[in-house]
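First up is the structure itself, then whatever we jot down about it.
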Amino acid sequence: MPKPDDRSARRGTSRDLTTLGRDGPPVSRIGLGLAAIGRPAYITTNRAADLGVDRSVGTLRHLTWRLLDAAHAAGVRYIDVARSYGSAEAFLSGWLASRSGVDDVVVGSKWGYTYVGGWDMAAPVQEVKDLSPATFERQYAETRALLGGHLCLYQVHSLTIESGAMEDPPLLTALARRRREGLVLGITTTGPRQADTIRRALKVRVDGLQLFSSVQATWNLLEPSAGPALGEAAAAGWAVIVKEAVANGRLTPVGDAGGDDTPLGMAALSAGATPDALAIAAALAQPWVSLALSGAAGIDQLRSNLRALEVDAVDIPDIAEPAEEYWAARSARPWT
């Protein structure tokens with residue numbers, strides 16, 4: 001596992017700011033992602049305990065607003081959403097419109113997946129991927145209508161080498177047009193070939209214009225394989241956002257790799273921290289990271305995650321799994 005740099009010694013609150021890449025706006029070192037709370041079903045651990053039985057639109061909107069209130073009060077200044085996160089963009093839009101003093105919030109969203117779950121936890125398909133130019137134009141218009149000027153970063157959702165999107169001239173032309181209009185474009189990655197995707201995206205140019213300037217990738221103590229490629233992206237001036245730092249709940253006290261009798265759990269106990277805080281601290285300690293996302297589904301989880309900013313990421317156990325095994329297990333997780 002890559003060793004922490006001097007950032008691991010930093011202590012403070014989530015009001016500690018960084019920048020979103022070399023020339024981006026100021027953001028907090030921990031952002032809040034709404035993947036787990038913008039729709040009734042997702043793949044995170046222990047959702048029944050986190051959300052309960054009532055997962056109506058109104059209930060999840062209320063929970064989201066309370067979580068956003070707590071996050072902003074704690075200094076969180078970056079919010080991550082996507083078109084496919086159920087009503088996450090709409091929840092965030094309503095919160096932004098109803099609160100004063102939140103003009104400092106920076107928002108990143110994503111296009112490429114369409115939510116088709118119909119608010120039904122038993123729906124056999126929850127989201128559908130389509131990286132076509134038509135989907136980009138439709139979803140960009142939808143996102144912009146909801147988020148307006150708060151939208152800073154728009155990302156290709158789960159870009160992969162296999163998708164062919166980086167070799168699609170009409171799509172690249174459509175993206176470049178928005179890039180020239182001032183939209184910051186990024187990619188998110190998934191799967192065991194994240195590093196290949198990142199390195200390919202670094203080379204994408206349209207008429208000499210570098211198309212992308214941000215990457216949001218999975219990096220955690222179980223799956224750190226993208227680290228070297230993320231370092232290359234940071235060296236190129238890109239923003240580097242870590243997602244799934246607690247491995248969809250696996251690196252929490254209720255997860256299979258974060259319990260008291262696990263190496264991470266014992267290291268956390270020794271450090272006087274919770275496993276999730278230690279896992280996020282390990283991500284923040286990497287020299288190439290801009291910020292890491294909390295995927296908290298409640299205020300207590302958020303507060304626990306934010307304690308990562310008070311933890312020295314030292315003596316972290318090496319618990320990395322082979323990338324193929326990690327992603328196979330992730331793919332098998334049920335939507336609950």
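Letters for chains follow the order of the structure tokens (A, B, ...), residue numbers begin at 1 for each chain, and ligand numbers begin at 1 in the order shown.
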Would you kindly return, as a list of chain:residue names, each protein, DNA or RNA residue with an atom no farther than 6 Å from any atom of A:Thr252, considering only C-alpha atoms and excluding same-chain residues fewer than 5 positions away?
->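 After dropping sequence-adjacent residues, the list is A:Gly258, A:Pro275, A:Asp276.
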Please write the residues from the selection above to a file, keeping C-alpha atoms, as a PDB file, in the first residue's frame.
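The result, stored in again17.pdb:
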```
ATOM      1  CA  GLY A 258     -13.882  -3.548   9.669  1.00  0.00           C
ATOM      2  CA  PRO A 275     -12.466   1.728  11.155  1.00  0.00           C
ATOM      3  CA  ASP A 276     -14.276   3.999   8.688  1.00  0.00           C
TER       4      ASP A 276
END
```
Can you work out which one of A:His62, A:Arg177, A:Arg39, A:Arg250 has the shortest atom-to-atom distance to A:Gln126, counting only C-alpha atoms?
->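 Smallest separation from A:Gln126 among the options: A:Arg39.
Of the listed residues A:Asp260, A:Asp315, A:Asp80, A:Glu89, the one whose atoms come nearest to A:Gln216 is A:Asp80, with distances taken using only C-alpha atoms.
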Length of the atom CA of A:Ile241 to atom CA of A:Thr189 vector [Å] |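 Atom CA of A:Ile241 sits 10.7 Å away from atom CA of A:Thr189.
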Would you mind listing what lies within 9 Å of A:Thr64 as a list in words, with only C-alpha atoms counted and same-chain residues fewer than 2 positions away left out?
-> Leu34, Ile37, Gly38, Thr59, Leu60, Arg61, His62, Arg66, Leu67, Leu68, Asp69, Ala88, Phe91, Leu92, Trp95, Ala297 and Gly298 of chain A
From the DSSP assignment of the backbone, select every residue of stretch 100-176 of chain A that is alpha helix (DSSP H), and format the answer as a ChimeraX atom specification.
-> /A:133-147,169-176
Could those selected residues go to a file with C-alpha atoms, as a short mmCIF file (atom, residue, chain, number, x, y, z; two decimals), in the first residue's frame?
```cif
data_model
loop_
_atom_site.label_atom_id
_atom_site.label_comp_id
_atom_site.auth_asym_id
_atom_site.auth_seq_id
_atom_site.Cartn_x
_atom_site.Cartn_y
_atom_site.Cartn_z
CA PRO A 133 -24.17 11.81 -27.24
CA ALA A 134 -27.97 11.92 -26.97
CA THR A 135 -27.84 10.75 -23.35
CA PHE A 136 -25.18 13.32 -22.55
CA GLU A 137 -27.17 16.21 -24.01
CA ARG A 138 -30.41 15.10 -22.35
CA GLN A 139 -28.92 14.50 -18.95
CA TYR A 140 -26.79 17.65 -18.99
CA ALA A 141 -29.91 19.71 -19.63
CA GLU A 142 -31.71 17.90 -16.78
CA THR A 143 -28.82 18.39 -14.36
CA ARG A 144 -28.29 22.04 -15.25
CA ALA A 145 -32.02 22.76 -14.83
CA LEU A 146 -31.86 21.40 -11.28
CA LEU A 147 -28.47 22.58 -10.10
CA PRO A 169 -16.19 11.33 -32.32
CA PRO A 170 -19.77 12.67 -31.97
CA LEU A 171 -19.63 12.26 -28.19
CA LEU A 172 -16.20 13.86 -27.92
CA THR A 173 -17.39 16.77 -30.05
CA ALA A 174 -20.44 17.28 -27.84
CA LEU A 175 -18.31 17.15 -24.69
CA ALA A 176 -15.73 19.55 -26.13
#
```
Those in stretch 97-166 of chain A with strand (DSSP E or B) from DSSP, as a list in words =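 Residues of stretch 97-166 of chain A classed as strand (DSSP E or B): Val106, Val107, Gly108, Ser109, Lys110, Trp111, Tyr113, Thr114, Tyr115, Glu127, Val128, Lys129, Leu151, Cys152, Leu153, Tyr154, Gln155, Val156, His157, Ser158 and Leu159 of chain A.
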Please produce a file of the residues just selected, as a PDB file, in the first residue's frame, where the atoms kept are C-alpha atoms.
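Produced file result_4.pdb, reproduced below:
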```
ATOM      1  CA  VAL A 106     -19.466  23.063  -4.992  1.00  0.00           C
ATOM      2  CA  VAL A 107     -21.379  20.309  -6.777  1.00  0.00           C
ATOM      3  CA  GLY A 108     -20.173  17.511  -9.002  1.00  0.00           C
ATOM      4  CA  SER A 109     -22.622  15.325 -10.884  1.00  0.00           C
ATOM      5  CA  LYS A 110     -22.484  12.563 -13.469  1.00  0.00           C
ATOM      6  CA  TRP A 111     -24.199  11.497 -16.642  1.00  0.00           C
ATOM      7  CA  TYR A 113     -26.688   6.058 -16.236  1.00  0.00           C
ATOM      8  CA  THR A 114     -30.449   6.496 -16.123  1.00  0.00           C
ATOM      9  CA  TYR A 115     -32.366   5.507 -12.995  1.00  0.00           C
ATOM     10  CA  GLU A 127     -30.140   1.760 -13.617  1.00  0.00           C
ATOM     11  CA  VAL A 128     -29.226   1.534 -17.281  1.00  0.00           C
ATOM     12  CA  LYS A 129     -25.938   2.702 -18.792  1.00  0.00           C
ATOM     13  CA  LEU A 151     -22.782  22.595 -10.933  1.00  0.00           C
ATOM     14  CA  CYS A 152     -19.008  22.815 -11.253  1.00  0.00           C
ATOM     15  CA  LEU A 153     -17.988  19.363 -12.441  1.00  0.00           C
ATOM     16  CA  TYR A 154     -19.821  17.020 -14.833  1.00  0.00           C
ATOM     17  CA  GLN A 155     -18.419  13.512 -15.119  1.00  0.00           C
ATOM     18  CA  VAL A 156     -18.777  10.547 -17.422  1.00  0.00           C
ATOM     19  CA  HIS A 157     -20.256   7.943 -15.100  1.00  0.00           C
ATOM     20  CA  SER A 158     -18.214   4.742 -14.838  1.00  0.00           C
ATOM     21  CA  LEU A 159     -16.143   5.264 -17.940  1.00  0.00           C
TER      22      LEU A 159
END
```
How many Å lie between atom CA of A:Gly182 and atom CA of A:Ala82, rounded to one decimal?
->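 Atom CA of A:Ala82 lies at a distance of 19.4 Å from atom CA of A:Gly182.
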Residue nearest A:Val242 among A:Pro192, A:Gly52, A:Gly295, A:Pro25 (counting only C-alpha atoms) |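 When distances to A:Val242 are compared using only C-alpha atoms, the smallest one comes from A:Gly295.
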Using only C-alpha atoms, which residue out of A:Ile187, A:Leu309, A:Ala332, A:Ala239 lies closest to A:Pro26?
-> A:Ala239
